[in-house]
Amino acid sequence: MGKKEKQKTNYSEISNIAYVMRALAADEGKIIYLLLVLCSVMPLAQNAIGIAIPAAAVWLYGQGSTLAQYVVALAFLAIAYAVSMVINTRASEEYSTHCILSRGFAFNRRLLFKALETDYQSIESHEGQKRVGAAQEALDANMIGVERVMREIPIFISNLLGLIVYGSVVLTVDARILPVLLLMLIFNIRLNKFARDYMNSHLEEDAEIRRKQRYIAGISGKTVNLTAGKDIRLYRMEDWFGEIMRGYTAAADKRQRRVEKRYYLPVASDTVFIALRDGLAYIILIHMAADGEITLAAFLALLGVVSNFSTWLFGVTNSRSAILNARRLVDNCRSFLDDKDDKTKKGGVMADISQGAPEVELRDVSFRYDDCSENILSHINLKIRCGEKLALVGNNGAGKTTLVKLFCGFYQPTDGEILVNGVKISDYDINSYFRLLGVVFQDMEDLSFNLME
């Protein structure tokens, strides 16, 4: 009866990017591609216009332009800057809204449907709960997992475009600036990888802590007040559960602080190299201006280009780092959603609901959980005839719910067999068999489905 442990699939970052973009477009429509273009191009246009304004002002003054020409030219650039800023802001807001809707609704629905369609015994096992918890973590917030990748895609493209355009200009100024910038890039990548490797090495541990926090919250009625749970109030366990929750919260906070400390290193490295870059750029450009090789207007423009080149450079590395940070979470989500493990059996004998209440028989049924050495139920023989009413009474942990789940076909007996109208449950088409049942368990979830679903 033991289930083979599922092997998690590792996907490439390109595969994850393509996956979330296809899903985003499928969920929110083709307008996503227009928004992606605008969010990628408008930041570069806005930045370039911002650099051009002071350079144009100095150039126009040097050309002896009239006041009217001066005002018209600068007004045109200011309007262009304002328009690009408005388009960029509106497109970014709209794109972010679509990301939230796709992650918050469509992806969560996919996960919920998959959990409903997957073999219950696999889902309920400790390993199954870890897999579901890890998949859910990729959808828990805006700036992690699936939505983080969605949001970083236009940022990465925009930074890459800026890096290419501004890098071409930097090469025409002085190639000596490039070694400093490349060293900045190498140190940034290596130090970010150091922090990311530490974070990824503890992802499963972090996911397990958060799963346990959600479990405790579920027991307490999904409220902050741990006394809201019926059994907690009945047995006066609020202090014990509170201590457990505080322990999980402290462990999660401690892990987060350790991750943050490691990400301080690339920030410190960037600060040092930015000082070197700016110093070198000023020396080179001032020397060129003093020798008459460039005008004052060109000096201002080139200084802006050099300064912003490193912004695009770090933007590329930071966006890629964010996508890589989210990769493991997205892998967990995709691995669960792509899993082929579904209900125990599709196809087989079709259950006939028109026959009325069925006859149920247990023949020498025993059951134990995967992680237990002893049976929770042993050698149960029972026949429930059509029309009979039966009450199961017993202490907590006696096996009442387990027996009901065996009736439902959620579990398969370790030994023995269960027959419904003379047919083993395992021989029925599982979906048709479920139509015979009407079960209300103690733990319930509100599912946002329409009637057709």
# chains A, B, ... in the order shown; residues from 1 in each chain; ligands from 1
call {"tool": "residues_around", "arguments": {"residues": "Tyr248 (chain A)", "least_positions_apart": "2", "cutoff": "8 Å", "atoms": "only C-alpha atoms", "output": "VMD selection string"}}
result
chain A and resid 209 to 210 212 to 213 244 to 246 250 to 252
call {"tool": "write_last_selection", "arguments": {"atoms": "N, CA and C atoms", "output": "PDB file, in the first residue's frame"}}
result
ATOM      1  N   ILE A 209       8.021  24.503   7.588  1.00  0.00           N
ATOM      2  CA  ILE A 209       7.665  25.368   8.720  1.00  0.00           C
ATOM      3  C   ILE A 209       6.361  26.096   8.424  1.00  0.00           C
ATOM      4  N   ARG A 210       6.256  26.656   7.215  1.00  0.00           N
ATOM      5  CA  ARG A 210       5.031  27.392   6.864  1.00  0.00           C
ATOM      6  C   ARG A 210       3.832  26.465   6.754  1.00  0.00           C
ATOM      7  N   LYS A 212       3.334  23.831   8.577  1.00  0.00           N
ATOM      8  CA  LYS A 212       2.919  23.574   9.951  1.00  0.00           C
ATOM      9  C   LYS A 212       2.199  24.782  10.551  1.00  0.00           C
ATOM     10  N   GLN A 213       2.664  25.994  10.182  1.00  0.00           N
ATOM     11  CA  GLN A 213       1.962  27.188  10.650  1.00  0.00           C
ATOM     12  C   GLN A 213       0.530  27.216  10.117  1.00  0.00           C
ATOM     13  N   ILE A 244       3.811  26.323  20.388  1.00  0.00           N
ATOM     14  CA  ILE A 244       4.217  25.691  19.126  1.00  0.00           C
ATOM     15  C   ILE A 244       4.255  26.725  18.005  1.00  0.00           C
ATOM     16  N   MET A 245       3.204  27.544  17.891  1.00  0.00           N
ATOM     17  CA  MET A 245       3.147  28.553  16.831  1.00  0.00           C
ATOM     18  C   MET A 245       4.271  29.572  16.976  1.00  0.00           C
ATOM     19  N   ARG A 246       4.540  30.002  18.204  1.00  0.00           N
ATOM     20  CA  ARG A 246       5.634  30.959  18.413  1.00  0.00           C
ATOM     21  C   ARG A 246       6.976  30.348  18.027  1.00  0.00           C
ATOM     22  N   ALA A 250       9.322  31.932  15.172  1.00  0.00           N
ATOM     23  CA  ALA A 250      10.703  32.311  15.491  1.00  0.00           C
ATOM     24  C   ALA A 250      11.689  31.628  14.534  1.00  0.00           C
ATOM     25  N   ALA A 251      11.427  30.356  14.213  1.00  0.00           N
ATOM     26  CA  ALA A 251      12.311  29.637  13.287  1.00  0.00           C
ATOM     27  C   ALA A 251      12.285  30.271  11.905  1.00  0.00           C
ATOM     28  N   ALA A 252      11.079  30.664  11.438  1.00  0.00           N
ATOM     29  CA  ALA A 252      10.962  31.295  10.123  1.00  0.00           C
ATOM     30  C   ALA A 252      11.672  32.656  10.110  1.00  0.00           C
TER      31      ALA A 252
END
call {"tool": "residues_around", "arguments": {"residues": "region 28-33 of chain A", "least_positions_apart": "3", "cutoff": "8 Å", "atoms": "only C-alpha atoms", "output": "mmCIF file with N, CA, C and O atoms, in the first residue's frame"}}
result
data_model
loop_
_atom_site.group_PDB
_atom_site.id
_atom_site.type_symbol
_atom_site.label_atom_id
_atom_site.label_comp_id
_atom_site.auth_asym_id
_atom_site.auth_seq_id
_atom_site.Cartn_x
_atom_site.Cartn_y
_atom_site.Cartn_z
ATOM 1 N N LEU A 24 -0.122 33.179 -18.057
ATOM 2 C CA LEU A 24 -0.623 34.537 -17.864
ATOM 3 C C LEU A 24 -1.465 34.987 -19.060
ATOM 4 O O LEU A 24 -2.541 35.578 -18.887
ATOM 5 N N ALA A 25 -0.978 34.694 -20.274
ATOM 6 C CA ALA A 25 -1.735 35.061 -21.474
ATOM 7 C C ALA A 25 -3.027 34.257 -21.570
ATOM 8 O O ALA A 25 -4.076 34.788 -21.976
ATOM 9 N N LEU A 36 3.409 43.826 -21.996
ATOM 10 C CA LEU A 36 4.803 43.398 -21.845
ATOM 11 C C LEU A 36 5.734 44.280 -22.671
ATOM 12 O O LEU A 36 6.805 44.691 -22.194
ATOM 13 N N VAL A 37 5.332 44.595 -23.903
ATOM 14 C CA VAL A 37 6.143 45.453 -24.763
ATOM 15 C C VAL A 37 6.265 46.852 -24.163
ATOM 16 O O VAL A 37 7.364 47.429 -24.085
ATOM 17 N N TYR A 95 -0.333 45.670 -15.879
ATOM 18 C CA TYR A 95 0.349 44.383 -15.938
ATOM 19 C C TYR A 95 0.395 43.734 -14.555
ATOM 20 O O TYR A 95 0.150 42.527 -14.414
ATOM 21 N N HIS A 98 -2.947 42.171 -13.673
ATOM 22 C CA HIS A 98 -3.148 40.887 -14.347
ATOM 23 C C HIS A 98 -2.320 39.784 -13.682
ATOM 24 O O HIS A 98 -2.775 38.637 -13.581
ATOM 25 N N SER A 102 -3.955 36.428 -12.119
ATOM 26 C CA SER A 102 -3.543 35.113 -12.614
ATOM 27 C C SER A 102 -3.036 34.231 -11.488
ATOM 28 O O SER A 102 -3.432 33.072 -11.357
#
call {"tool": "closest_residue", "arguments": {"among": "A:Met21, A:Leu302, A:Ala357, A:Ala290", "to": "Val173 (chain A)", "atoms": "only C-alpha atoms"}}
result
A:Leu302
call {"tool": "closest_atom_pairs", "arguments": {"of": "region 285-372 of chain A", "to": "region 104-115 of chain A", "cutoff": "9 Å", "atoms": "only C-alpha atoms", "output": "CSV"}}
result
residue,atom,partner,partner_atom,distance
A:Cys333,CA,A:Leu111,CA,8.1
A:Phe336,CA,A:Lys114,CA,8.1
A:Leu337,CA,A:Lys114,CA,6.3
A:Asp339,CA,A:Lys114,CA,8.9
A:Asp342,CA,A:Lys114,CA,8.2
call {"tool": "residues_around", "arguments": {"residues": "Leu362 (chain A)", "least_positions_apart": "5", "cutoff": "10 Å", "atoms": "only C-alpha atoms", "output": "list in words"}}
result
His379, Ile380, Asn381, Leu382, Lys383, Ile384, Leu406, Phe407, Pro413, Gly416, Glu417, Ile418, Leu419, Val420 and Lys424 of chain A
call {"tool": "residues_around", "arguments": {"residues": "Cys386 (chain A)", "least_positions_apart": "3", "cutoff": "10 Å", "atoms": "only C-alpha atoms", "output": "JSON list (two decimals) with all heavy atoms, in the first residue's frame"}}
result
[["chain", "number", "residue", "atom", "x", "y", "z"],
["A", 356, "GLY", "N", -30.86, 3.24, -6.07],
["A", 356, "GLY", "CA", -31.13, 3.60, -4.69],
["A", 356, "GLY", "C", -29.95, 3.29, -3.79],
["A", 356, "GLY", "O", -28.82, 3.11, -4.25],
["A", 357, "ALA", "N", -30.22, 3.21, -2.48],
["A", 357, "ALA", "CA", -29.14, 2.97, -1.52],
["A", 357, "ALA", "C", -28.48, 1.62, -1.76],
["A", 357, "ALA", "O", -29.16, 0.62, -1.97],
["A", 357, "ALA", "CB", -29.70, 3.04, -0.10],
["A", 358, "PRO", "N", -27.15, 1.56, -1.75],
["A", 358, "PRO", "CA", -26.44, 0.31, -2.04],
["A", 358, "PRO", "C", -26.28, -0.55, -0.79],
["A", 358, "PRO", "O", -26.51, -0.11, 0.33],
["A", 358, "PRO", "CB", -25.08, 0.79, -2.53],
["A", 358, "PRO", "CG", -24.85, 2.05, -1.75],
["A", 358, "PRO", "CD", -26.21, 2.69, -1.59],
["A", 359, "GLU", "N", -25.89, -1.78, -1.01],
["A", 359, "GLU", "CA", -25.49, -2.67, 0.08],
["A", 359, "GLU", "C", -23.97, -2.66, 0.16],
["A", 359, "GLU", "O", -23.28, -2.79, -0.85],
["A", 359, "GLU", "CB", -25.99, -4.08, -0.17],
["A", 359, "GLU", "CG", -25.63, -5.05, 0.96],
["A", 359, "GLU", "CD", -26.21, -6.44, 0.73],
["A", 359, "GLU", "OE1", -27.38, -6.66, 1.08],
["A", 359, "GLU", "OE2", -25.48, -7.28, 0.17],
["A", 360, "VAL", "N", -23.43, -2.49, 1.38],
["A", 360, "VAL", "CA", -21.99, -2.37, 1.58],
["A", 360, "VAL", "C", -21.51, -3.50, 2.48],
["A", 360, "VAL", "O", -22.15, -3.81, 3.49],
["A", 360, "VAL", "CB", -21.63, -1.01, 2.22],
["A", 360, "VAL", "CG1", -20.12, -0.90, 2.41],
["A", 360, "VAL", "CG2", -22.14, 0.14, 1.38],
["A", 383, "LYS", "N", -21.53, -5.85, 7.40],
["A", 383, "LYS", "CA", -22.42, -5.74, 6.26],
["A", 383, "LYS", "C", -23.50, -4.72, 6.59],
["A", 383, "LYS", "O", -24.15, -4.79, 7.63],
["A", 383, "LYS", "CB", -23.07, -7.09, 5.92],
["A", 383, "LYS", "CG", -24.02, -7.01, 4.71],
["A", 383, "LYS", "CD", -24.58, -8.37, 4.33],
["A", 383, "LYS", "CE", -23.53, -9.20, 3.60],
["A", 383, "LYS", "NZ", -24.10, -10.43, 3.03],
["A", 389, "LYS", "N", -29.53, 2.23, 8.77],
["A", 389, "LYS", "CA", -28.84, 3.41, 9.29],
["A", 389, "LYS", "C", -27.84, 2.95, 10.34],
["A", 389, "LYS", "O", -28.17, 2.15, 11.21],
["A", 389, "LYS", "CB", -29.84, 4.39, 9.88],
["A", 389, "LYS", "CG", -30.81, 4.99, 8.86],
["A", 389, "LYS", "CD", -31.77, 5.95, 9.53],
["A", 389, "LYS", "CE", -32.65, 6.62, 8.49],
["A", 389, "LYS", "NZ", -33.50, 5.67, 7.76],
["A", 421, "ASN", "N", -22.67, -3.27, -3.48],
["A", 421, "ASN", "CA", -23.55, -4.02, -4.40],
["A", 421, "ASN", "C", -22.80, -5.20, -5.02],
["A", 421, "ASN", "O", -22.95, -5.50, -6.22],
["A", 421, "ASN", "CB", -24.12, -3.11, -5.48],
["A", 421, "ASN", "CG", -25.18, -2.17, -4.95],
["A", 421, "ASN", "OD1", -25.83, -2.46, -3.94],
["A", 421, "ASN", "ND2", -25.38, -1.04, -5.62]]
call {"tool": "residues_around", "arguments": {"residues": "region 65-80 of chain A", "least_positions_apart": "3", "cutoff": "8 Å", "atoms": "only C-alpha atoms", "output": "ChimeraX atom specification"}}
result
/A:49,53,56-57,60-62,83-84
call {"tool": "write_last_selection", "arguments": {"atoms": "N, CA and C atoms", "output": "PDB file, in the first residue's frame"}}
result
ATOM      1  N   ILE A  49      15.131  60.098 -22.386  1.00  0.00           N
ATOM      2  CA  ILE A  49      14.638  61.474 -22.462  1.00  0.00           C
ATOM      3  C   ILE A  49      15.117  62.273 -21.248  1.00  0.00           C
ATOM      4  N   ILE A  53      17.352  65.876 -21.591  1.00  0.00           N
ATOM      5  CA  ILE A  53      16.847  67.214 -21.237  1.00  0.00           C
ATOM      6  C   ILE A  53      17.965  68.158 -20.799  1.00  0.00           C
ATOM      7  N   ALA A  56      20.328  68.816 -23.732  1.00  0.00           N
ATOM      8  CA  ALA A  56      19.717  69.672 -24.754  1.00  0.00           C
ATOM      9  C   ALA A  56      19.687  71.128 -24.296  1.00  0.00           C
ATOM     10  N   ALA A  57      19.429  71.339 -23.003  1.00  0.00           N
ATOM     11  CA  ALA A  57      19.388  72.710 -22.492  1.00  0.00           C
ATOM     12  C   ALA A  57      20.740  73.391 -22.673  1.00  0.00           C
ATOM     13  N   LEU A  60      21.423  73.941 -26.552  1.00  0.00           N
ATOM     14  CA  LEU A  60      20.645  75.052 -27.110  1.00  0.00           C
ATOM     15  C   LEU A  60      21.234  76.393 -26.677  1.00  0.00           C
ATOM     16  N   TYR A  61      21.670  76.473 -25.428  1.00  0.00           N
ATOM     17  CA  TYR A  61      22.278  77.716 -24.939  1.00  0.00           C
ATOM     18  C   TYR A  61      23.558  78.010 -25.711  1.00  0.00           C
ATOM     19  N   GLY A  62      24.344  76.948 -25.937  1.00  0.00           N
ATOM     20  CA  GLY A  62      25.599  77.132 -26.671  1.00  0.00           C
ATOM     21  C   GLY A  62      25.382  77.504 -28.121  1.00  0.00           C
ATOM     22  N   VAL A  83       4.750  61.937 -21.022  1.00  0.00           N
ATOM     23  CA  VAL A  83       3.941  60.923 -21.717  1.00  0.00           C
ATOM     24  C   VAL A  83       4.527  59.531 -21.510  1.00  0.00           C
ATOM     25  N   SER A  84       5.851  59.418 -21.662  1.00  0.00           N
ATOM     26  CA  SER A  84       6.484  58.105 -21.475  1.00  0.00           C
ATOM     27  C   SER A  84       6.313  57.623 -20.034  1.00  0.00           C
TER      28      SER A  84
END
call {"tool": "residues_around", "arguments": {"residues": "Tyr263 (chain A)", "least_positions_apart": "4", "cutoff": "10 Å", "atoms": "only C-alpha atoms", "output": "count of residues only"}}
result
11
call {"tool": "closest_residue", "arguments": {"among": "A:Lys400, A:Gly133, A:Asn318, A:Ile216", "to": "Trp240 (chain A)", "atoms": "only C-alpha atoms"}}
result
A:Ile216
call {"tool": "select_by_dssp", "arguments": {"residues": "region 183-410 of chain A", "states": "helix (DSSP H, G or I)", "output": "PyMOL selection string"}}
result
chain A and resi 183-201+203-219+226-228+230-234+238-290+296-338+353-355+400-408
call {"tool": "residues_around", "arguments": {"residues": "Val169 (chain A)", "least_positions_apart": "6", "cutoff": "10 Å", "atoms": "only C-alpha atoms", "output": "JSON, numbers by chain"}}
result
{"A": [163, 302, 305, 306, 309]}
call {"tool": "select_by_dssp", "arguments": {"residues": "region 167-364 of chain A", "states": "strand (DSSP E)", "output": "PyMOL selection string"}}
result
chain A and resi 360-364
call {"tool": "write_last_selection", "arguments": {"atoms": "all heavy atoms", "output": "mmCIF file, in the first residue's frame"}}
result
data_model
loop_
_atom_site.group_PDB
_atom_site.id
_atom_site.type_symbol
_atom_site.label_atom_id
_atom_site.label_comp_id
_atom_site.auth_asym_id
_atom_site.auth_seq_id
_atom_site.Cartn_x
_atom_site.Cartn_y
_atom_site.Cartn_z
ATOM 1 N N VAL A 360 -23.433 -2.490 1.384
ATOM 2 C CA VAL A 360 -21.990 -2.373 1.581
ATOM 3 C C VAL A 360 -21.512 -3.504 2.483
ATOM 4 O O VAL A 360 -22.153 -3.807 3.493
ATOM 5 C CB VAL A 360 -21.627 -1.014 2.222
ATOM 6 C CG1 VAL A 360 -20.117 -0.903 2.412
ATOM 7 C CG2 VAL A 360 -22.142 0.142 1.377
ATOM 8 N N GLU A 361 -20.407 -4.134 2.096
ATOM 9 C CA GLU A 361 -19.866 -5.227 2.895
ATOM 10 C C GLU A 361 -18.354 -5.087 3.034
ATOM 11 O O GLU A 361 -17.641 -4.863 2.043
ATOM 12 C CB GLU A 361 -20.195 -6.572 2.262
ATOM 13 C CG GLU A 361 -19.691 -7.768 3.074
ATOM 14 C CD GLU A 361 -20.031 -9.105 2.450
ATOM 15 O OE1 GLU A 361 -20.612 -9.121 1.346
ATOM 16 O OE2 GLU A 361 -19.697 -10.142 3.051
ATOM 17 N N LEU A 362 -17.863 -5.203 4.260
ATOM 18 C CA LEU A 362 -16.430 -5.245 4.536
ATOM 19 C C LEU A 362 -16.048 -6.682 4.854
ATOM 20 O O LEU A 362 -16.638 -7.303 5.741
ATOM 21 C CB LEU A 362 -16.065 -4.359 5.727
ATOM 22 C CG LEU A 362 -15.973 -2.844 5.484
ATOM 23 C CD1 LEU A 362 -17.359 -2.238 5.309
ATOM 24 C CD2 LEU A 362 -15.234 -2.154 6.635
ATOM 25 N N ARG A 363 -15.065 -7.174 4.148
ATOM 26 C CA ARG A 363 -14.605 -8.554 4.356
ATOM 27 C C ARG A 363 -13.164 -8.543 4.860
ATOM 28 O O ARG A 363 -12.231 -8.258 4.112
ATOM 29 C CB ARG A 363 -14.696 -9.356 3.059
ATOM 30 C CG ARG A 363 -16.127 -9.588 2.567
ATOM 31 C CD ARG A 363 -16.121 -10.396 1.281
ATOM 32 N NE ARG A 363 -17.474 -10.648 0.785
ATOM 33 C CZ ARG A 363 -17.739 -11.231 -0.393
ATOM 34 N NH1 ARG A 363 -16.724 -11.607 -1.185
ATOM 35 N NH2 ARG A 363 -18.994 -11.411 -0.769
ATOM 36 N N ASP A 364 -13.018 -8.817 6.148
ATOM 37 C CA ASP A 364 -11.707 -8.941 6.773
ATOM 38 C C ASP A 364 -10.795 -7.752 6.428
ATOM 39 O O ASP A 364 -9.636 -7.905 6.056
ATOM 40 C CB ASP A 364 -11.044 -10.248 6.329
ATOM 41 C CG ASP A 364 -9.900 -10.652 7.264
ATOM 42 O OD1 ASP A 364 -9.994 -10.353 8.472
ATOM 43 O OD2 ASP A 364 -8.914 -11.237 6.780
#
call {"tool": "closest_residue", "arguments": {"among": "A:Ala301, A:Met288, A:Met143, A:Leu185", "to": "Pro266 (chain A)", "atoms": "only C-alpha atoms"}}
result
A:Leu185
call {"tool": "atom_distance", "arguments": {"atom1": "CA of Phe299 (chain A)", "atom2": "CA of Ala48 (chain A)"}}
result
14.9 Å
call {"tool": "closest_residue", "arguments": {"among": "A:Val20, A:Ala326, A:Ser378, A:Cys39", "to": "Asp415 (chain A)", "atoms": "only C-alpha atoms"}}
result
A:Ser378
